[in-house]
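Asks: This is the content of start.pdb (PDB, C-alpha atoms):
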ATOM      1  CA  MET C   1     -40.769  61.348 -11.064
ATOM      2  CA  ASN C   2     -44.083  59.629 -11.961
ATOM      3  CA  LYS C   3     -44.390  55.953 -12.912
ATOM      4  CA  ILE C   4     -44.499  56.652 -16.642
ATOM      5  CA  GLY C   5     -41.315  58.736 -16.482
ATOM      6  CA  LEU C   6     -39.573  56.046 -14.460
ATOM      7  CA  LEU C   7     -40.561  53.358 -17.003
ATOM      8  CA  VAL C   8     -39.284  55.522 -19.870
ATOM      9  CA  LEU C   9     -35.959  56.035 -18.059
ATOM     10  CA  ILE C  10     -35.559  52.296 -17.396
ATOM     11  CA  PHE C  11     -36.419  51.491 -21.033
ATOM     12  CA  HIS C  12     -33.932  54.085 -22.298
ATOM     13  CA  CYS C  13     -31.133  52.694 -20.092
ATOM     14  CA  ALA C  14     -31.873  49.156 -21.253
ATOM     15  CA  ILE C  15     -31.801  50.161 -24.927
ATOM     16  CA  THR C  16     -28.525  52.059 -24.382
ATOM     17  CA  SER C  17     -26.850  49.095 -22.689
ATOM     18  CA  TRP C  18     -28.053  46.718 -25.424
ATOM     19  CA  SER C  19     -26.673  49.013 -28.142
ATOM     20  CA  GLN C  20     -23.141  49.131 -26.679
ATOM     21  CA  ILE C  21     -20.709  46.765 -28.370
ATOM     22  CA  ILE C  22     -17.513  45.777 -26.596
ATOM     23  CA  HIS C  23     -14.891  45.369 -29.292
ATOM     24  CA  PRO C  24     -11.351  43.954 -29.102
ATOM     25  CA  LYS C  25      -8.781  46.525 -28.062
ATOM     26  CA  ALA C  26      -6.005  47.415 -30.460
ATOM     27  CA  SER C  27      -3.659  47.732 -27.481
ATOM     28  CA  PRO C  28      -4.726  45.138 -24.899
ATOM     29  CA  TYR C  29      -4.382  45.856 -21.206
ATOM     30  CA  SER C  30      -1.773  43.889 -19.245
ATOM     31  CA  VAL C  31      -0.670  43.592 -15.622
ATOM     32  CA  ILE C  32       2.654  42.159 -14.500
ATOM     33  CA  GLU C  33       3.537  41.457 -10.878
ATOM     34  CA  GLN C  34       7.067  40.592  -9.880
ATOM     35  CA  GLU C  35       8.368  39.632  -6.460
ATOM     36  CA  ILE C  36      11.946  40.589  -5.624
ATOM     37  CA  GLY C  37      13.149  39.390  -2.239
ATOM     38  CA  LEU C  38      10.476  40.659   0.150
ATOM     39  CA  SER C  39       9.159  43.362  -2.184
ATOM     40  CA  LYS C  40       6.829  43.502  -5.152
ATOM     41  CA  ILE C  41       6.537  45.593  -8.312
ATOM     42  CA  ILE C  42       3.260  45.883 -10.232
ATOM     43  CA  VAL C  43       3.106  47.371 -13.727
ATOM     44  CA  GLU C  44      -0.199  48.124 -15.446
ATOM     45  CA  TYR C  45      -0.037  49.097 -19.099
ATOM     46  CA  SER C  46      -1.556  48.662 -22.550
ATOM     47  CA  ARG C  47       0.486  46.931 -25.247
ATOM     48  CA  PRO C  48       0.384  48.592 -28.690
ATOM     49  CA  ALA C  49       1.641  46.666 -31.723
ATOM     50  CA  ALA C  50       4.175  47.872 -34.277
ATOM     51  CA  ARG C  51       2.059  46.818 -37.313
ATOM     52  CA  GLY C  52       4.816  47.700 -39.740
ATOM     53  CA  ARG C  53       5.198  51.231 -38.416
ATOM     54  CA  LYS C  54       8.418  53.028 -37.566
ATOM     55  CA  ILE C  55       8.318  53.286 -33.771
ATOM     56  CA  PHE C  56      11.048  55.601 -32.475
ATOM     57  CA  GLY C  57      12.521  58.797 -33.863
ATOM     58  CA  PHE C  58      11.836  59.745 -37.457
ATOM     59  CA  GLN C  59      10.677  58.005 -40.610
ATOM     60  CA  ALA C  60      12.749  57.829 -43.793
ATOM     61  CA  ASP C  61      11.031  60.941 -45.170
ATOM     62  CA  GLY C  62      11.910  62.940 -42.061
ATOM     63  CA  GLN C  63       8.425  62.866 -40.582
ATOM     64  CA  PRO C  64       8.054  61.967 -36.897
ATOM     65  CA  ALA C  65       7.692  58.260 -36.149
ATOM     66  CA  LEU C  66       5.047  56.866 -33.812
ATOM     67  CA  VAL C  67       7.151  57.854 -30.772
ATOM     68  CA  PRO C  68       9.102  60.967 -31.819
ATOM     69  CA  TYR C  69      12.351  61.924 -30.146
ATOM     70  CA  GLY C  70      12.035  64.515 -27.417
ATOM     71  CA  ARG C  71       8.282  64.085 -26.888
ATOM     72  CA  ILE C  72       6.747  62.563 -23.768
ATOM     73  CA  TRP C  73       5.709  58.915 -24.205
ATOM     74  CA  ARG C  74       3.379  57.024 -21.860
ATOM     75  CA  VAL C  75       5.314  53.729 -22.310
ATOM     76  CA  GLY C  76       2.173  52.121 -23.648
ATOM     77  CA  ALA C  77      -1.212  53.145 -24.997
ATOM     78  CA  ASN C  78      -4.540  54.412 -23.687
ATOM     79  CA  GLU C  79      -4.234  55.663 -20.096
ATOM     80  CA  SER C  80      -0.819  56.286 -18.579
ATOM     81  CA  THR C  81       1.273  53.305 -17.580
ATOM     82  CA  LYS C  82       1.302  52.779 -13.797
ATOM     83  CA  ILE C  83       4.088  51.272 -11.719
ATOM     84  CA  THR C  84       3.696  50.442  -8.028
ATOM     85  CA  PHE C  85       6.378  49.660  -5.433
ATOM     86  CA  ASP C  86       5.384  48.326  -2.010
ATOM     87  CA  THR C  87       8.738  49.253  -0.462
ATOM     88  CA  ASP C  88      11.254  52.044  -0.970
ATOM     89  CA  VAL C  89      13.616  51.370  -3.870
ATOM     90  CA  LYS C  90      16.564  52.799  -5.739
ATOM     91  CA  VAL C  91      16.429  53.268  -9.499
ATOM     92  CA  ASN C  92      19.895  53.379 -11.048
ATOM     93  CA  GLY C  93      21.136  54.245  -7.574
ATOM     94  CA  GLN C  94      18.664  57.088  -6.949
ATOM     95  CA  SER C  95      16.115  56.806  -4.141
ATOM     96  CA  LEU C  96      12.397  56.466  -4.908
ATOM     97  CA  PRO C  97       9.797  56.169  -2.110
ATOM     98  CA  LYS C  98       7.275  53.353  -2.201
ATOM     99  CA  GLY C  99       3.993  54.202  -3.943
ATOM    100  CA  GLN C 100       2.291  54.273  -7.326
ATOM    101  CA  TYR C 101       3.608  56.400 -10.190
ATOM    102  CA  ALA C 102       2.823  57.146 -13.805
ATOM    103  CA  LEU C 103       5.721  55.933 -15.917
ATOM    104  CA  TYR C 104       6.898  58.172 -18.765
ATOM    105  CA  VAL C 105       9.834  58.236 -21.155
ATOM    106  CA  PHE C 106      11.359  61.121 -23.084
ATOM    107  CA  PRO C 107      13.213  59.225 -25.843
ATOM    108  CA  TYR C 108      16.221  60.506 -27.760
ATOM    109  CA  SER C 109      18.522  58.749 -30.207
ATOM    110  CA  GLU C 110      21.330  58.159 -27.696
ATOM    111  CA  TYR C 111      19.457  58.016 -24.397
ATOM    112  CA  TRP C 112      16.036  57.972 -22.736
ATOM    113  CA  ASP C 113      14.910  59.963 -19.714
ATOM    114  CA  LEU C 114      12.753  57.638 -17.625
ATOM    115  CA  VAL C 115      10.296  59.506 -15.407
ATOM    116  CA  PHE C 116       8.382  58.429 -12.299
ATOM    117  CA  HIS C 117       5.542  60.931 -12.053
ATOM    118  CA  MET C 118       3.260  61.508  -9.075
ATOM    119  CA  ASN C 119       0.187  62.503 -11.103
ATOM    120  CA  ILE C 120      -1.427  59.225 -12.210
ATOM    121  CA  THR C 121      -4.687  60.752 -13.487
ATOM    122  CA  HIS C 122      -3.560  61.783 -16.980
ATOM    123  CA  TRP C 123      -5.146  59.995 -19.906
ATOM    124  CA  GLY C 124      -2.632  59.109 -22.574
ATOM    125  CA  ASP C 125       0.745  60.760 -22.333
ATOM    126  CA  GLY C 126      -0.644  63.819 -20.570
ATOM    127  CA  ARG C 127       1.140  65.980 -23.123
ATOM    128  CA  ASN C 128      -1.028  69.012 -22.494
ATOM    129  CA  ASN C 129      -1.166  68.603 -18.713
ATOM    130  CA  TYR C 130       2.271  67.221 -17.907
ATOM    131  CA  ASP C 131       4.048  69.271 -15.263
ATOM    132  CA  PRO C 132       7.721  68.411 -14.643
ATOM    133  CA  LYS C 133       7.294  69.732 -11.105
ATOM    134  CA  GLU C 134       5.234  66.595 -10.429
ATOM    135  CA  ASP C 135       8.153  64.321 -11.359
ATOM    136  CA  VAL C 136       9.365  62.367  -8.347
ATOM    137  CA  LEU C 137      12.409  60.933 -10.095
ATOM    138  CA  ARG C 138      14.031  61.151 -13.509
ATOM    139  CA  VAL C 139      16.851  58.813 -14.534
ATOM    140  CA  ARG C 140      18.786  58.444 -17.770
ATOM    141  CA  ILE C 141      18.975  55.034 -19.469
ATOM    142  CA  ARG C 142      20.592  53.876 -22.718
ATOM    143  CA  PRO C 143      18.551  52.076 -25.387
ATOM    144  CA  ILE C 144      20.163  49.473 -27.616
ATOM    145  CA  THR C 145      19.236  47.986 -30.983
ATOM    146  CA  THR C 146      18.337  44.292 -30.933
ATOM    147  CA  LEU C 147      18.336  41.584 -33.573
ATOM    148  CA  VAL C 148      15.044  40.155 -32.312
ATOM    149  CA  PHE C 149      11.926  42.070 -33.327
ATOM    150  CA  GLN C 150       9.330  42.647 -30.580
ATOM    151  CA  GLU C 151       5.912  43.207 -32.194
ATOM    152  CA  ASN C 152       3.963  44.317 -29.095
ATOM    153  CA  LEU C 153       5.454  46.646 -26.532
ATOM    154  CA  LEU C 154       6.806  44.511 -23.698
ATOM    155  CA  ILE C 155       7.702  45.497 -20.150
ATOM    156  CA  SER C 156       9.370  42.651 -18.296
ATOM    157  CA  PHE C 157      11.770  41.854 -15.457
ATOM    158  CA  ASP C 158      15.049  39.984 -15.709
ATOM    159  CA  GLU C 159      18.137  39.161 -13.626
ATOM    160  CA  ILE C 160      15.942  38.794 -10.544
ATOM    161  CA  GLY C 161      17.755  38.508  -7.229
ATOM    162  CA  HIS C 162      16.945  39.037  -3.561
ATOM    163  CA  ASP C 163      17.983  42.679  -3.757
ATOM    164  CA  SER C 164      17.698  43.775  -7.375
ATOM    165  CA  VAL C 165      16.001  43.363 -10.722
ATOM    166  CA  LYS C 166      16.274  44.823 -14.193
ATOM    167  CA  MET C 167      13.098  46.278 -15.652
ATOM    168  CA  VAL C 168      13.229  45.888 -19.423
ATOM    169  CA  ILE C 169      11.261  47.960 -21.951
ATOM    170  CA  GLN C 170      11.314  46.486 -25.447
ATOM    171  CA  TRP C 171       9.492  47.367 -28.660
ATOM    172  CA  ALA C 172      10.371  46.742 -32.295
ATOM    173  CA  ARG C 173      14.175  46.536 -32.349
ATOM    174  CA  THR C 174      14.747  48.897 -29.426
ATOM    175  CA  LYS C 175      15.404  47.750 -25.882
ATOM    176  CA  ALA C 176      16.280  49.629 -22.705
ATOM    177  CA  ASP C 177      16.614  48.473 -19.133
ATOM    178  CA  VAL C 178      16.925  50.071 -15.741
ATOM    179  CA  LEU C 179      18.335  48.627 -12.513
ATOM    180  CA  ILE C 180      15.988  48.662  -9.525
ATOM    181  CA  THR C 181      17.447  47.763  -6.131
ATOM    182  CA  PHE C 182      15.906  47.043  -2.735
ATOM    183  CA  ASP C 183      17.233  47.107   0.817
ATOM    184  CA  THR C 184      16.044  43.564   1.401
ATOM    185  CA  TYR C 185      18.562  43.025   4.194
ATOM    186  CA  GLU C 186      17.125  45.899   6.254
ATOM    187  CA  ILE C 187      13.562  44.651   5.661
ATOM    188  CA  MET C 188      14.634  41.143   6.648
ATOM    189  CA  ARG C 189      16.614  42.333   9.670
ATOM    190  CA  THR C 190      13.583  44.155  11.051
ATOM    191  CA  LYS C 191      11.385  41.137  10.392
ATOM    192  CA  ILE C 192      13.872  38.753  12.033
ATOM    193  CA  GLU C 193      14.235  40.906  15.155
ATOM    194  CA  ARG C 194      10.467  41.159  15.545
ATOM    195  CA  THR C 195       9.853  37.444  14.977
ATOM    196  CA  LEU C 196      12.609  36.276  17.334
ATOM    197  CA  LYS C 197      11.185  38.485  20.111
ATOM    198  CA  GLU C 198       7.753  36.909  19.776
ATOM    199  CA  ASN C 199       7.436  33.113  19.995
ATOM    200  CA  PRO C 200      10.017  31.629  17.628
ATOM    201  CA  THR C 201       9.481  28.053  16.477
ATOM    202  CA  ALA C 202      11.961  25.560  15.081
ATOM    203  CA  GLN C 203      10.938  26.703  11.602
ATOM    204  CA  THR C 204      11.608  30.322  12.579
ATOM    205  CA  TYR C 205      15.186  29.528  13.584
ATOM    206  CA  TYR C 206      15.674  27.442  10.444
ATOM    207  CA  GLU C 207      14.384  30.187   8.115
ATOM    208  CA  VAL C 208      16.643  32.801   9.709
ATOM    209  CA  ALA C 209      19.672  30.512   9.423
ATOM    210  CA  ARG C 210      18.872  29.624   5.829
ATOM    211  CA  TYR C 211      18.616  33.309   4.905
ATOM    212  CA  TYR C 212      21.965  34.027   6.567
ATOM    213  CA  GLN C 213      23.558  31.091   4.719
ATOM    214  CA  GLU C 214      22.156  32.168   1.353
ATOM    215  CA  GLU C 215      23.444  35.698   1.897
ATOM    216  CA  GLY C 216      26.770  34.597   3.382
ATOM    217  CA  ILE C 217      26.305  36.679   6.537
ATOM    218  CA  HIS C 218      26.201  36.072  10.314
ATOM    219  CA  LEU C 219      27.263  32.450   9.863
ATOM    220  CA  ALA C 220      28.121  31.891  13.539
ATOM    221  CA  GLU C 221      24.622  33.039  14.485
ATOM    222  CA  ALA C 222      23.197  30.769  11.798
ATOM    223  CA  ILE C 223      24.834  27.743  13.453
ATOM    224  CA  SER C 224      23.304  28.622  16.834
ATOM    225  CA  TYR C 225      19.860  29.072  15.253
ATOM    226  CA  LEU C 226      20.112  25.712  13.501
ATOM    227  CA  GLU C 227      21.011  24.046  16.786
ATOM    228  CA  LYS C 228      17.904  25.609  18.325
ATOM    229  CA  ALA C 229      15.835  24.422  15.350
ATOM    230  CA  LEU C 230      17.099  20.858  15.859
ATOM    231  CA  GLU C 231      16.441  21.095  19.598
ATOM    232  CA  LYS C 232      12.894  22.362  19.150
ATOM    233  CA  GLY C 233      11.860  20.568  15.971
ATOM    234  CA  GLY C 234      13.877  17.368  15.960
ATOM    235  CA  GLU C 235      16.120  16.023  13.245
ATOM    236  CA  THR C 236      15.097  16.773   9.647
ATOM    237  CA  TYR C 237      17.057  16.454   6.433
ATOM    238  CA  TYR C 238      16.619  20.146   5.609
ATOM    239  CA  PHE C 239      17.800  21.356   9.042
ATOM    240  CA  TYR C 240      20.951  19.290   8.683
ATOM    241  CA  ARG C 241      21.344  20.259   5.022
ATOM    242  CA  VAL C 242      21.562  23.959   5.833
ATOM    243  CA  LYS C 243      23.705  23.260   8.906
ATOM    244  CA  SER C 244      26.207  21.419   6.693
ATOM    245  CA  LEU C 245      26.288  24.328   4.235
ATOM    246  CA  VAL C 246      26.965  26.861   6.985
ATOM    247  CA  GLU C 247      29.709  24.667   8.453
ATOM    248  CA  GLY C 248      31.207  24.295   4.996
ATOM    249  CA  ASP C 249      31.110  28.058   4.462
ATOM    250  CA  LEU C 250      32.963  28.495   7.769
ATOM    251  CA  GLY C 251      35.597  25.973   6.704
ATOM    252  CA  TYR C 252      34.529  23.374   9.281
ATOM    253  CA  TYR C 253      34.677  20.576   6.739
ATOM    254  CA  ASP C 254      34.660  17.620   9.180
ATOM    255  CA  ALA C 255      31.527  18.973  10.861
ATOM    256  CA  ALA C 256      29.974  19.764   7.468
ATOM    257  CA  ILE C 257      30.506  16.176   6.309
ATOM    258  CA  GLN C 258      28.929  14.803   9.482
ATOM    259  CA  SER C 259      25.869  17.049   9.092
ATOM    260  CA  ALA C 260      25.590  16.243   5.378
ATOM    261  CA  ASN C 261      25.678  12.500   6.116
ATOM    262  CA  LYS C 262      22.846  12.908   8.600
ATOM    263  CA  SER C 263      20.887  14.963   6.057
ATOM    264  CA  LEU C 264      21.550  12.337   3.385
ATOM    265  CA  LYS C 265      20.267   9.443   5.541
ATOM    266  CA  LEU C 266      17.134  11.345   6.593
ATOM    267  CA  ALA C 267      16.468  12.421   3.001
ATOM    268  CA  ALA C 268      16.833   8.833   1.788
ATOM    269  CA  MET C 269      14.274   7.684   4.367
ATOM    270  CA  GLU C 270      11.775  10.147   2.859
ATOM    271  CA  ASP C 271      12.689   9.389  -0.779
ATOM    272  CA  LYS C 272      14.055  12.895  -1.270
ATOM    273  CA  ASP C 273      16.426  11.851  -4.061
ATOM    274  CA  GLU C 274      17.406  15.398  -4.956
ATOM    275  CA  PHE C 275      18.698  16.053  -1.440
ATOM    276  CA  VAL C 276      20.533  12.742  -1.426
ATOM    277  CA  ARG C 277      22.390  13.836  -4.564
ATOM    278  CA  LEU C 278      23.036  17.340  -3.235
ATOM    279  CA  ASN C 279      24.526  15.956  -0.034
ATOM    280  CA  GLN C 280      26.657  13.428  -1.904
ATOM    281  CA  LYS C 281      28.062  16.207  -4.069
ATOM    282  CA  SER C 282      28.794  18.435  -1.063
ATOM    283  CA  ILE C 283      30.457  15.611   0.862
ATOM    284  CA  LYS C 284      32.754  14.924  -2.088
ATOM    285  CA  THR C 285      33.663  18.631  -2.315
ATOM    286  CA  TRP C 286      34.511  18.895   1.387
ATOM    287  CA  GLU C 287      36.456  15.621   1.405
ATOM    288  CA  ASP C 288      38.549  16.977  -1.488
ATOM    289  CA  LYS C 289      39.180  20.186   0.451
ATOM    290  CA  LEU C 290      40.350  18.207   3.484
ATOM    291  CA  GLU C 291      42.705  16.158   1.325
ATOM    292  CA  ASN C 292      44.222  19.267  -0.241
ATOM    293  CA  ASN C 293      44.730  21.107   3.044
TER     294      ASN C 293
END
As a first step, turn the structure in this file into structure tokens.
Replies:
Amino acid sequence: MNKIGLLVLIFHCAITSWSQIIHPKASPYSVIEQEIGLSKIIVEYSRPAARGRKIFGFQADGQPALVPYGRIWRVGANESTKITFDTDVKVNGQSLPKGQYALYVFPYSEYWDLVFHMNITHWGDGRNNYDPKEDVLRVRIRPITTLVFQENLLISFDEIGHDSVKMVIQWARTKADVLITFDTYEIMRTKIERTLKENPTAQTYYEVARYYQEEGIHLAEAISYLEKALEKGGETYYFYRVKSLVEGDLGYYDAAIQSANKSLKLAAMEDKDEFVRLNQKSIKTWEDKLENN
């Protein structure tokens, strides 16, 4: 290409870029990230608005609504909605490997079929290219009618625990949720075994014991790890706080009270008023248990 041709090309590209106008999107793009235990879910979707339209099923005159029953829906607008899991999960009790999927729904009046689809390249709902053979998992969920009106499509997470979460899809007066569970214990067990074989610190032992206490498991081991944490890291209000809770869970109320008193005094020295109150409350509970035994 000669110099004149190159200048013409550059000028044309400049004019083209100047003439493009970026306008507000009718269905803005959104990303939601949610941690659950040691796992994470990421959902990427566009959020259409109701704008006075009938959303699901059929209109009063019998014509299809915006999202007709029985037709594939992308659970959003524009490109297909994507959902990513960084660990293996179970959806309503059915196994789903970690990875990224297109999320689809086939809505009906009494139920929805929620689909996790391996082909994430479809634009829109992929109606003309959708192949059910590319479904990785399909589960049935039950929509309900709500009193609260949701103007923009909303995908959210609720009832978040260490091992489970509910993913909620809500638009207009329709809401549906699905239970997603994680084998957080197995992930944690593997992590604990690896970390304890390396060069565990006082904090390592404390974190393992705290996890066991929160889950109500391996309490005898938790005590031994807390003793190692105290030996390696010295006396801290939070080491003794968790030690008292484990002892209380085991029914060793005298020992729990002693540990809680130590935690209380150390917390007071550091102006940790919340831990002072927590220890006072626990001590009262365990003293009452001793009196009633």
Asks: Neighbours of Phe275 (chain C) within 10 Å (all atoms listed in the file; same-chain residues fewer than 6 positions away dropped), as a VMD selection string?
Replies: chain C and resid 237 to 238 241 260 263 to 268 281
Asks: Point out the residue among C:Arg173, C:Arg277, C:Lys272, C:Lys243 with the least atom-to-atom distance to Lys54 (chain C), counting all atoms listed in the file.
Replies: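 Of the candidates, the smallest distance to Lys54 (chain C) is held by C:Arg173.
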Asks: In Å, with one decimal, what is the gap from CA of Glu231 (chain C) to CA of Leu278 (chain C)?
Replies: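 For CA of Glu231 (chain C) relative to CA of Leu278 (chain C), the distance reads 24.1 Å.
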Asks: To verify the selection step, state as a count of residues only which residues the PyMOL selection byres ((chain C and resi 109) around 9) yields on this input.
Replies: 9
Asks: For the contact check between region 104-216 of chain C and region 27-48 of chain C, emit one row per residue of region 104-216 of chain C within 6 Å, containing the shortest atom pair and the distance in Å rounded to one decimal, counting all atoms listed in the file, chain then rising number order, as CSV.
Replies:
residue,atom,partner,partner_atom,distance
C:Asn152,CA,C:Pro48,CA,5.6
C:Leu153,CA,C:Arg47,CA,5.1
C:His162,CA,C:Gly37,CA,4.0
Asks: Which residue out of C:Asn261, C:Pro68, C:Met118, C:Ile55 has the minimum interatomic distance to Gln170 (chain C) when only C-alpha atoms are used?
Replies: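 Between C:Asn261, C:Pro68, C:Met118, C:Ile55, the residue approaching Gln170 (chain C) most closely is C:Ile55.
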Asks: So what does the PyMOL selection byres ((chain C and resi 174) around 8) actually pick up in this one, as a PDB file with C-alpha atoms, in the frame of the given file?
Replies:
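And here's selection26.pdb as it stands now:
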ATOM      1  CA  PRO C 143      18.551  52.076 -25.387  1.00  0.00           C
ATOM      2  CA  ILE C 144      20.163  49.473 -27.616  1.00  0.00           C
ATOM      3  CA  THR C 145      19.236  47.986 -30.983  1.00  0.00           C
ATOM      4  CA  THR C 146      18.337  44.292 -30.933  1.00  0.00           C
ATOM      5  CA  GLN C 170      11.314  46.486 -25.447  1.00  0.00           C
ATOM      6  CA  TRP C 171       9.492  47.367 -28.660  1.00  0.00           C
ATOM      7  CA  ALA C 172      10.371  46.742 -32.295  1.00  0.00           C
ATOM      8  CA  ARG C 173      14.175  46.536 -32.349  1.00  0.00           C
ATOM      9  CA  LYS C 175      15.404  47.750 -25.882  1.00  0.00           C
ATOM     10  CA  ALA C 176      16.280  49.629 -22.705  1.00  0.00           C
TER      11      ALA C 176
END
Asks: Translate the PyMOL selection byres ((chain C and resi 184) around 7) into a concrete residue list for this structure, as a list in words.
Replies: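 Written out, the selection comes to Gly37, Leu38, His162, Asp163, Phe182, Asp183, Tyr185, Glu186, Ile187 and Met188 of chain C.
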Asks: Quick one: write out the picked residues with C-alpha atoms as a PDB file, in the coordinates of the input?
Replies:
ATOM      1  CA  GLY C  37      13.149  39.390  -2.239  1.00  0.00           C
ATOM      2  CA  LEU C  38      10.476  40.659   0.150  1.00  0.00           C
ATOM      3  CA  HIS C 162      16.945  39.037  -3.561  1.00  0.00           C
ATOM      4  CA  ASP C 163      17.983  42.679  -3.757  1.00  0.00           C
ATOM      5  CA  PHE C 182      15.906  47.043  -2.735  1.00  0.00           C
ATOM      6  CA  ASP C 183      17.233  47.107   0.817  1.00  0.00           C
ATOM      7  CA  TYR C 185      18.562  43.025   4.194  1.00  0.00           C
ATOM      8  CA  GLU C 186      17.125  45.899   6.254  1.00  0.00           C
ATOM      9  CA  ILE C 187      13.562  44.651   5.661  1.00  0.00           C
ATOM     10  CA  MET C 188      14.634  41.143   6.648  1.00  0.00           C
TER      11      MET C 188
END
Asks: Between CA of Gly76 (chain C) and CA of Asp88 (chain C), what is the distance, to one decimal in Å?
Replies: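 Spanning CA of Gly76 (chain C) to CA of Asp88 (chain C) is a straight-line distance of 24.4 Å.
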Asks: Which residue, C:Ile169, C:Leu196, C:Ala256, C:Leu114, has the smallest gap to Gln150 (chain C) when you use all atoms listed in the file?
Replies: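 Among C:Ile169, C:Leu196, C:Ala256, C:Leu114, it is C:Ile169 that comes nearest to Gln150 (chain C).
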Asks: Could you build a table of the residues in region 150-226 of chain C lying no more than 7 Å from region 246-252 of chain C, giving for each the nearest pair of atoms and their separation in Å rounded to one decimal place, using all atoms listed in the file, ordered by chain and ascending residue number, as CSV?
Replies:
residue,atom,partner,partner_atom,distance
C:Gln213,CA,C:Val246,CA,5.9
C:Leu219,CA,C:Val246,CA,6.3
C:Ile223,CA,C:Val246,CA,6.9
Asks: Would you kindly identify which residues have an atom no farther than 7 Å from (11.9, 42.9, -13.2), using all atoms listed in the file and the file's own coordinates, and write them out as an MDAnalysis selection string?
Replies: chainID C and resid 34 156:158 160 165:167
